[in-house]
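Please read the structure below before turning to the comments.
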There are 2 protein chains.
Amino acid sequence: MPKPTIIDLARRAGVGVGTASRALNDAPDVSPATRERVLAAAAALDYHPSAVARRLQGRRSDVVAYVPEASEQPAGDMQFKDFMTMLARSCAHQSLDLLIHPLRTGADQGSELTRLIRERRADGLILADTRVADARVYYLAEHKLPFVAFGRTSGIDNYAYVDLDSQAGTYASTTHLIERGHQRIAFLGLPLAYTYGQHRLDGYIKALHAHSLPIDPALIHTDLATETQTREVVRQLLLMPAPPSAIAAASDLLAIYAMRTSEDFGFQPGRDIAFVGFDDLLLAAHTRPALTTVRQPFDLICDLLISTLIGVVEADPEVLRQHLVQPSLIVRQSS
Amino acid sequence: MPKPTIIDLARRAGVGVGTASRALNDAPDVSPATRERVLAAAAALDYHPSAVARRLQGRRSDVVAYVPEASEQPAGDMQFKDFMTMLARSCAHQSLDLLIHPLRTGADQGSELTRLIRERRADGLILADTRVADARVYYLAEHKLPFVAFGRTSGIDNYAYVDLDSQAGTYASTTHLIERGHQRIAFLGLPLAYTYGQHRLDGYIKALHAHSLPIDPALIHTDLATETQTREVVRQLLLMPAPPSAIAAASDLLAIYAMRTSEDFGFQPGRDIAFVGFDDLLLAAHTRPALTTVRQPFDLICDLLISTLIGVVEADPEVLRQHLVQPSLIVRQSS
DNA sequence: CTTGACACTGGAAAGGTTTCCAGTTATACT
DNA sequence: AGTATAACTGGAAACCTTTCCAGTGTCAAG
């Protein structure tokens with residue numbers, strides 16, 4: 001019993017294949033009685049239309065490829081699964097399948113990307129973890145391949161992206177600390193090679209500026225990756241003659257490391273020193289004290305990524321190609 | 001300039017389509033000169049064969065779908081990205097594409113899974129996060145859909161799986177503690193609804209048994225999810241009249257929470273109390289003291305998942321369908 | 001009774017590849 | 001020289017859908 005085709009189905013229902021197809025896709029030009037009969041036959045035969053054949057006939061493959069860097073992210077990416085899940089959900093809403101195709105950093109990324117599109121294994125690409133200078137973005141834009149980047153890249157502007165306004169995020173968290181009366185606020189930053197690493201630093205600086213506070217380079221540490229590294233940096237901060245009274249971190253993980261380190265020094269986080277993070281990890285709500293942080297609306301971001309990509313693929317001039325999404329500050333006990 | 005087809009290519013190279021196809025797939029029956037000519041023409045036209053058409057003609061879609069539960073994993077799944085990346089790499093080795101299709105917990109999972117296969121959107125499925133009683137496994141096995149589960153499920157045996165021998169993992173870590181002279185060893189466990197949660201507990205108990213140590217229910221806490229929950233449990237342990245001298249945790253995260261809590265009580269982890277974890281998170285090597293833990297060889301597991309799945313899809317009787325992979329103990333300073 | 005419009009239907013064509021089969025030419029062997 | 005074999009080649013068929021077009025039948029209006 002080979003899998004039934006639409007021909008078997010049509011025969012069984014006593015109609016032509018064209019009619020069968022129309023009935024299944026509830027096209028307008030088919031009588032209710034006929035549709036009924038086709039649907040019944042489909043159920044009886046346990047018929048499922050071949051997505052492959054359908055894709056061949058249409059011009060689309062109805063697949064989106066998600067192309068993360070085959071990460072060396074220091075602490076594991078805790079939000080990756082949530083993000084993937086939401087992205088998949090957004091795809092499902094548009095009846096798209098989600099392909100995942102990590103790019104090895106060394107390999108010939110260009111031809112890899114080209115083949116994905118040109119072989120029609122995917123209609124469009126979603127990039128993530130974009131860097132300040134991101135070779136993939138330059139390549140895709142130059143070769144006019146359909147893609148949307150999650151995150152901006154500098155030195156190029158005519159491409160589609162969705163990005164969190166990270167700068168607004170740290171601006172908000174830093175301002176929050178300032179409004180709580182803090183004057184000396186340290187900043188723990190991520191690698192500046194990533195665009196969001198840069199933006200999160202920018203927001204902190206902008207907030208200090210806006211409130212006429214001095215920028216003290218001694219209070220700013222970026223490119224933090226490991227826990228030991230972070231702890232060492234925080235140690236130095238706490239041992240300063242005039243230690244900071246608050247610490248703004250560019251990620252929840254950094255903030256948590258910092259809180260722990262301050263405890264080692266006998267400080268009580270949230271009381272003696274204020275902390276804010278960034279990301280709103282599931283962890284963040286469960287630390288003690290619960291961490292004030294900045295949340296990115298992944299669901300909205302994913303929807304935008306997919307709808308923008310569809311616009312790009314269809315070359316729809318109506319679709320806005322560049323989106324900046326606002327984060328929200330979640331105030332908890334640590335600040 | 002519509003995308004060139006193999007017909008354009010053949011015309012350009014001055015050969016028939018059959019010959020062109022054979023030349024591209026380096027089939028045996030084509031002369032070196034002809035192949036040369038076809039390849040040159042392909043380069044000139046920037047020709048890429050349509051994966052969709054290829055899939056239609058062959059019987060395969062050459063796609064594997066990875067089907068995680070749309071998790072409520074308490075702490076975010078830190079290893080998810082690494083696992084995905086390796087799985088994708090294993091797929092790439094076999095020229096397969098990896099589709100990701102999270103299953104909403106509520107929805108009609110059955111028809112979702114059936115459609116994935118019957119519509120040929122994927123040739124086979126990889127399941128993950130299997131539970132002790134996993135409805136998806138039962139369903140897939142009953143409907144004879146091609147799949148491999150990462151993790152075992154009870155109450156059924158004729159299905160393909162790859163699993164880490166978690167029991168051996170906690171057996172090893174617990175034994176390691178015993179050999180270090182510990183007699184009172186507490187256990188922090190994961191939800192028992194997950195098979196590995198159960199197995200990790202089993203290994204701990206088995207190790208105590210093997211060394212004729214008593215099983216003290218007061219030292220065993222399972223179904224731990226959040227940090228606060230874990231800290232509370234550890235607090236209770238440390239306040240016991242005869243507190244444990246070592247703690248075996250079923251995950252690195254639980255171990256780290258426990259270490260931190262013990263520090264709050266003035267203990268020095270690794271000296272006053274020993275700790276072992278499970279998972280070998282990137283974090284684990286960077287805590288202080290560095291965490292002794294159990295590592296799963298994800299690369300091997302992924303290769304096995306994919307090769308087993310291929311065997312299942314091709315109904316190859318030669319392929320071993322059930323694999324138990326041994327973890328390895330990584331000894332660091334915490335024990 | 002004829003004509004037009006209308007509602008529905010069947011079947012062919014297209015989408016782009018691989019595979020199979022029959023055919024052509026060249027080579028080798030008797 | 002004649003035949004058998006080998007080495008290669010071209011093109012048709014198959015994979016399974018959707019879409020388009022021409023056709024059939026019904027009904028209303030003229």
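Each chain in the structure tokens gets a letter, A, B and so on, in the order shown; residues start at 1 in every chain, and ligands are counted from 1 in the order they appear.
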From a DSSP calculation on the backbone, collect every residue of range 217-293 of chain B in strand (DSSP E or B) and output the set as a PDB file with N, CA and C atoms, in the first residue's frame.
ATOM      1  N   ILE B 220      17.339  12.924  50.837  1.00  0.00           N
ATOM      2  CA  ILE B 220      16.987  12.875  49.418  1.00  0.00           C
ATOM      3  C   ILE B 220      15.860  13.850  49.101  1.00  0.00           C
ATOM      4  N   HIS B 221      16.130  14.752  48.196  1.00  0.00           N
ATOM      5  CA  HIS B 221      15.103  15.707  47.772  1.00  0.00           C
ATOM      6  C   HIS B 221      15.042  15.739  46.246  1.00  0.00           C
ATOM      7  N   ALA B 246      28.586  15.631  52.121  1.00  0.00           N
ATOM      8  CA  ALA B 246      28.713  15.792  50.666  1.00  0.00           C
ATOM      9  C   ALA B 246      27.322  15.870  50.055  1.00  0.00           C
ATOM     10  N   ILE B 247      27.243  16.553  48.925  1.00  0.00           N
ATOM     11  CA  ILE B 247      25.965  16.659  48.229  1.00  0.00           C
ATOM     12  C   ILE B 247      26.152  16.267  46.769  1.00  0.00           C
ATOM     13  N   ALA B 248      25.377  15.280  46.359  1.00  0.00           N
ATOM     14  CA  ALA B 248      25.376  14.886  44.947  1.00  0.00           C
ATOM     15  C   ALA B 248      24.145  15.502  44.302  1.00  0.00           C
ATOM     16  N   ALA B 249      24.361  16.317  43.285  1.00  0.00           N
ATOM     17  CA  ALA B 249      23.230  16.971  42.642  1.00  0.00           C
ATOM     18  C   ALA B 249      23.002  16.356  41.264  1.00  0.00           C
ATOM     19  N   PRO B 269      32.877  25.397  50.292  1.00  0.00           N
ATOM     20  CA  PRO B 269      32.618  24.261  49.399  1.00  0.00           C
ATOM     21  C   PRO B 269      33.932  23.668  48.899  1.00  0.00           C
ATOM     22  N   ILE B 273      32.429  20.883  52.709  1.00  0.00           N
ATOM     23  CA  ILE B 273      31.426  20.011  52.102  1.00  0.00           C
ATOM     24  C   ILE B 273      31.847  19.737  50.667  1.00  0.00           C
ATOM     25  N   ALA B 274      31.604  18.519  50.231  1.00  0.00           N
ATOM     26  CA  ALA B 274      31.937  18.192  48.839  1.00  0.00           C
ATOM     27  C   ALA B 274      30.675  18.284  47.986  1.00  0.00           C
ATOM     28  N   PHE B 275      30.858  18.666  46.713  1.00  0.00           N
ATOM     29  CA  PHE B 275      29.726  18.773  45.792  1.00  0.00           C
ATOM     30  C   PHE B 275      30.069  18.106  44.457  1.00  0.00           C
ATOM     31  N   VAL B 276      29.094  17.450  43.912  1.00  0.00           N
ATOM     32  CA  VAL B 276      29.232  17.017  42.516  1.00  0.00           C
ATOM     33  C   VAL B 276      27.951  17.407  41.779  1.00  0.00           C
ATOM     34  N   ASP B 279      26.079  17.407  34.132  1.00  0.00           N
ATOM     35  CA  ASP B 279      25.824  18.103  32.855  1.00  0.00           C
ATOM     36  C   ASP B 279      27.099  18.703  32.260  1.00  0.00           C
ATOM     37  N   THR B 292      33.040  19.512  40.227  1.00  0.00           N
ATOM     38  CA  THR B 292      33.148  18.138  39.747  1.00  0.00           C
ATOM     39  C   THR B 292      31.794  17.746  39.156  1.00  0.00           C
ATOM     40  N   THR B 293      31.803  17.132  38.003  1.00  0.00           N
ATOM     41  CA  THR B 293      30.519  16.890  37.350  1.00  0.00           C
ATOM     42  C   THR B 293      30.586  15.715  36.383  1.00  0.00           C
TER      43      THR B 293
END
**Message:** List as an MDAnalysis selection string the protein and nucleic acid residues near range 7-10 of chain D, meaning an atom at most 7 Å away when only C-alpha atoms (C1' of nucleotides) are counted, but skip any in the same chain fewer than 5 places from it.
**Reply:** chainID B and resid 16 19 29:31
**Request:** Specify as a list in words all residues of chain A found within 7 Å of chain D, counting only C-alpha atoms (C1' of nucleotides).
**Result:** Thr5, Ser50, Ala53, Arg54 and Gln57 of chain A
**Request:** Could the residues of chain B within 9 Å of chain A, counting only C-alpha atoms, be given as a ChimeraX atom specification, please?
**Result:** /B:3,47-53,55-56,61,65,68,70-71,74-82,84-85,88-89,92,97-103,115,118-121,226-228,260,263-264,281-283,286-288
What would the file look like if the residues just selected were written as a short mmCIF file (atom, residue, chain, number, x, y, z; two decimals), in the first residue's frame with N, CA and C atoms?
data_model
loop_
_atom_site.label_atom_id
_atom_site.label_comp_id
_atom_site.auth_asym_id
_atom_site.auth_seq_id
_atom_site.Cartn_x
_atom_site.Cartn_y
_atom_site.Cartn_z
N LYS B 3 15.74 31.66 -12.78
CA LYS B 3 16.80 30.74 -12.38
C LYS B 3 16.97 29.64 -13.42
N TYR B 47 24.49 27.83 -11.82
CA TYR B 47 23.38 26.90 -11.67
C TYR B 47 23.42 26.18 -10.32
N HIS B 48 22.27 26.10 -9.68
CA HIS B 48 22.14 25.31 -8.45
C HIS B 48 20.91 24.43 -8.60
N PRO B 49 21.07 23.15 -8.43
CA PRO B 49 19.91 22.26 -8.60
C PRO B 49 18.86 22.50 -7.52
N SER B 50 17.62 22.43 -7.89
CA SER B 50 16.53 22.64 -6.94
C SER B 50 16.35 21.45 -6.02
N ALA B 51 16.55 21.72 -4.74
CA ALA B 51 16.40 20.64 -3.77
C ALA B 51 14.96 20.13 -3.78
N VAL B 52 14.03 21.00 -4.04
CA VAL B 52 12.62 20.60 -4.02
C VAL B 52 12.35 19.58 -5.12
N ALA B 53 12.79 19.88 -6.32
CA ALA B 53 12.57 18.95 -7.43
C ALA B 53 13.28 17.63 -7.16
N ARG B 55 13.92 16.32 -4.37
CA ARG B 55 13.23 15.56 -3.34
C ARG B 55 11.96 14.92 -3.87
N LEU B 56 11.34 15.61 -4.79
CA LEU B 56 10.11 15.06 -5.34
C LEU B 56 10.41 13.78 -6.10
N SER B 61 12.69 13.25 1.54
CA SER B 61 12.72 14.70 1.61
C SER B 61 14.06 15.16 2.16
N ALA B 65 13.24 16.13 11.37
CA ALA B 65 12.58 17.10 12.24
C ALA B 65 12.94 16.82 13.69
N PRO B 68 11.25 19.10 20.05
CA PRO B 68 11.32 19.26 21.50
C PRO B 68 9.95 19.61 22.05
N ALA B 70 7.72 22.10 24.00
CA ALA B 70 7.85 23.56 24.09
C ALA B 70 8.04 23.97 25.54
N SER B 71 9.17 23.66 26.04
CA SER B 71 9.51 23.50 27.45
C SER B 71 9.08 24.57 28.43
N PRO B 74 12.64 24.81 34.06
CA PRO B 74 12.72 25.90 35.02
C PRO B 74 13.84 26.90 34.74
N ALA B 75 15.02 26.43 34.49
CA ALA B 75 16.15 27.36 34.44
C ALA B 75 16.58 27.66 33.01
N GLY B 76 15.70 27.48 32.08
CA GLY B 76 16.14 27.66 30.71
C GLY B 76 17.05 26.49 30.44
N ASP B 77 17.14 26.07 29.23
CA ASP B 77 17.97 24.91 28.95
C ASP B 77 19.30 25.40 28.39
N MET B 78 20.28 25.40 29.24
CA MET B 78 21.54 26.01 28.86
C MET B 78 22.28 25.24 27.79
N GLN B 79 21.98 23.97 27.68
CA GLN B 79 22.75 23.17 26.74
C GLN B 79 22.04 23.06 25.41
N PHE B 80 20.87 23.63 25.36
CA PHE B 80 20.04 23.44 24.18
C PHE B 80 20.76 23.87 22.91
N LYS B 81 21.38 25.01 22.95
CA LYS B 81 22.02 25.51 21.74
C LYS B 81 23.17 24.61 21.30
N ASP B 82 23.95 24.17 22.27
CA ASP B 82 25.05 23.26 21.93
C ASP B 82 24.50 21.99 21.31
N MET B 84 21.61 21.47 19.81
CA MET B 84 21.08 21.77 18.47
C MET B 84 22.20 21.88 17.45
N THR B 85 23.23 22.58 17.84
CA THR B 85 24.33 22.80 16.91
C THR B 85 24.97 21.48 16.51
N ALA B 88 22.67 19.51 14.30
CA ALA B 88 22.70 20.06 12.94
C ALA B 88 23.97 19.60 12.22
N ARG B 89 25.06 19.57 12.94
CA ARG B 89 26.31 19.13 12.35
C ARG B 89 26.22 17.67 11.91
N ALA B 92 24.21 17.53 8.82
CA ALA B 92 24.96 18.04 7.67
C ALA B 92 25.90 16.96 7.13
N ASP B 97 18.80 18.10 6.08
CA ASP B 97 18.45 19.37 6.68
C ASP B 97 17.74 19.11 8.00
N LEU B 98 17.90 20.03 8.91
CA LEU B 98 17.29 19.87 10.23
C LEU B 98 16.16 20.86 10.41
N LEU B 99 14.99 20.31 10.58
CA LEU B 99 13.81 21.12 10.83
C LEU B 99 13.58 21.13 12.32
N ILE B 100 13.14 22.27 12.86
CA ILE B 100 12.82 22.25 14.27
C ILE B 100 11.33 22.54 14.43
N HIS B 101 10.70 21.71 15.18
CA HIS B 101 9.24 21.79 15.26
C HIS B 101 8.80 21.53 16.69
N PRO B 102 8.84 22.55 17.53
CA PRO B 102 8.43 22.35 18.92
C PRO B 102 6.96 22.01 18.98
N LEU B 103 6.61 21.19 19.94
CA LEU B 103 5.22 20.75 20.08
C LEU B 103 4.59 21.51 21.23
N ARG B 115 1.27 14.52 10.46
CA ARG B 115 1.36 15.36 9.27
C ARG B 115 2.80 15.61 8.87
N ARG B 118 3.72 12.31 7.09
CA ARG B 118 2.89 11.92 5.96
C ARG B 118 2.90 12.96 4.84
N GLU B 119 3.08 14.20 5.21
CA GLU B 119 3.18 15.24 4.18
C GLU B 119 4.60 15.33 3.65
N ARG B 120 5.42 14.45 4.12
CA ARG B 120 6.82 14.39 3.68
C ARG B 120 7.58 15.67 3.98
N ARG B 121 7.18 16.37 5.02
CA ARG B 121 8.00 17.53 5.37
C ARG B 121 9.26 17.06 6.06
N THR B 226 13.22 25.50 41.06
CA THR B 226 13.71 26.87 41.15
C THR B 226 14.89 26.98 42.11
N GLU B 227 15.54 28.14 42.04
CA GLU B 227 16.67 28.38 42.93
C GLU B 227 16.20 28.50 44.38
N THR B 228 15.13 29.25 44.60
CA THR B 228 14.65 29.44 45.97
C THR B 228 14.30 28.10 46.63
N ARG B 260 26.41 27.76 46.77
CA ARG B 260 26.22 29.14 47.22
C ARG B 260 25.55 29.18 48.58
N GLU B 263 27.81 28.36 51.35
CA GLU B 263 28.70 29.49 51.66
C GLU B 263 28.02 30.46 52.62
N ASP B 264 26.71 30.67 52.39
CA ASP B 264 25.97 31.56 53.27
C ASP B 264 26.03 31.07 54.72
N LEU B 281 27.99 21.92 32.45
CA LEU B 281 27.71 23.22 31.83
C LEU B 281 29.00 23.99 31.66
N LEU B 282 28.98 24.91 30.73
CA LEU B 282 30.13 25.79 30.59
C LEU B 282 30.42 26.51 31.90
N LEU B 283 29.34 26.79 32.63
CA LEU B 283 29.48 27.42 33.93
C LEU B 283 30.34 26.61 34.88
N HIS B 286 33.87 27.17 35.61
CA HIS B 286 34.25 28.52 36.00
C HIS B 286 33.73 28.94 37.36
N THR B 287 33.03 28.04 38.04
CA THR B 287 32.64 28.40 39.40
C THR B 287 33.87 28.28 40.28
N ARG B 288 33.72 28.79 41.48
CA ARG B 288 34.82 28.66 42.42
C ARG B 288 34.27 28.06 43.68
#
**Prompt:** How many Å separate CA of Gly14 in chain A from CA of Pro32 in chain A?
**Reply:**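 Atom-to-atom, CA of Gly14 in chain A to CA of Pro32 in chain A, that is 14.7 Å.
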**Request:** Go through range 63-265 of chain B and collect every residue that DSSP, computed from the backbone, puts in alpha helix (DSSP H); the answer should be as a ChimeraX atom specification.
**Result:** /B:80-93,109-118,135-142,166-179,195-210,227-238,252-264
Export of the given selection (C-alpha atoms) as a short mmCIF file (atom, residue, chain, number, x, y, z; two decimals), in the first residue's frame:
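Saved result, out_9.cif, follows:
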data_model
loop_
_atom_site.label_atom_id
_atom_site.label_comp_id
_atom_site.auth_asym_id
_atom_site.auth_seq_id
_atom_site.Cartn_x
_atom_site.Cartn_y
_atom_site.Cartn_z
CA PHE B 80 20.04 23.44 24.18
CA LYS B 81 22.02 25.51 21.74
CA ASP B 82 25.05 23.26 21.93
CA PHE B 83 22.89 20.25 21.43
CA MET B 84 21.08 21.77 18.47
CA THR B 85 24.33 22.80 16.91
CA MET B 86 25.79 19.34 17.18
CA LEU B 87 22.63 17.75 15.94
CA ALA B 88 22.70 20.06 12.94
CA ARG B 89 26.31 19.13 12.35
CA SER B 90 25.46 15.44 12.43
CA CYS B 91 22.68 16.07 9.94
CA ALA B 92 24.96 18.04 7.67
CA HIS B 93 27.38 15.13 7.59
CA GLN B 109 0.30 16.48 19.15
CA GLY B 110 -0.63 13.31 17.36
CA SER B 111 -1.93 14.80 14.17
CA GLU B 112 0.89 17.29 14.24
CA LEU B 113 3.42 14.49 14.23
CA THR B 114 1.56 12.46 11.65
CA ARG B 115 1.36 15.36 9.27
CA LEU B 116 5.06 16.07 9.57
CA ILE B 117 5.81 12.63 8.23
CA ARG B 118 2.89 11.92 5.96
CA ALA B 135 2.53 10.14 25.11
CA ARG B 136 4.50 11.10 22.02
CA VAL B 137 6.58 7.94 22.11
CA TYR B 138 3.53 5.75 22.52
CA TYR B 139 1.79 7.52 19.70
CA LEU B 140 4.68 7.34 17.27
CA ALA B 141 5.39 3.72 18.01
CA GLU B 142 1.76 2.76 17.64
CA SER B 166 22.30 8.69 33.61
CA GLN B 167 22.23 6.03 36.24
CA ALA B 168 25.87 5.26 35.56
CA GLY B 169 26.54 8.97 35.81
CA THR B 170 25.22 9.51 39.31
CA TYR B 171 26.56 6.10 40.27
CA ALA B 172 30.01 7.32 39.30
CA SER B 173 29.70 10.71 40.95
CA THR B 174 28.28 9.25 44.14
CA THR B 175 30.91 6.53 44.23
CA HIS B 176 33.53 9.19 43.75
CA LEU B 177 32.26 10.89 46.89
CA ILE B 178 32.18 7.64 48.80
CA GLU B 179 35.74 6.88 47.82
CA THR B 195 13.15 9.64 32.74
CA TYR B 196 16.58 11.03 33.43
CA GLY B 197 15.30 12.51 36.68
CA GLN B 198 14.39 9.01 37.77
CA HIS B 199 17.60 7.43 36.49
CA ARG B 200 19.83 9.94 38.19
CA LEU B 201 18.18 9.15 41.49
CA ASP B 202 18.54 5.43 40.84
CA GLY B 203 22.28 5.75 40.28
CA TYR B 204 22.72 7.52 43.59
CA ILE B 205 20.80 4.85 45.45
CA LYS B 206 22.59 2.06 43.68
CA ALA B 207 25.96 3.52 44.62
CA LEU B 208 25.02 3.71 48.29
CA HIS B 209 23.76 0.16 48.17
CA ALA B 210 26.90 -1.08 46.47
CA GLU B 227 16.67 28.38 42.93
CA THR B 228 14.65 29.44 45.97
CA GLN B 229 13.23 25.96 46.33
CA THR B 230 16.69 24.45 46.15
CA ARG B 231 18.19 26.89 48.60
CA GLU B 232 15.46 26.14 51.10
CA VAL B 233 16.07 22.42 50.82
CA VAL B 234 19.82 22.83 51.24
CA ARG B 235 19.25 25.06 54.22
CA GLN B 236 17.27 22.28 55.85
CA LEU B 237 20.01 19.79 55.11
CA LEU B 238 22.69 21.96 56.65
CA ASP B 252 25.10 21.50 37.74
CA LEU B 253 22.62 24.23 38.41
CA LEU B 254 21.34 22.52 41.52
CA ALA B 255 24.93 21.94 42.62
CA ILE B 256 25.81 25.58 42.13
CA TYR B 257 22.78 26.75 44.11
CA ALA B 258 23.77 24.33 46.84
CA MET B 259 27.36 25.56 46.92
CA ARG B 260 26.22 29.14 47.22
CA THR B 261 23.82 28.31 50.00
CA SER B 262 26.47 26.44 51.94
CA GLU B 263 28.70 29.49 51.66
CA ASP B 264 25.97 31.56 53.27
#
**chain C residues near chain A (8 Å cut-off, only C-alpha atoms (C1' of nucleotides)) as an NGL selection string** = :C and (7-11 or 14-16)
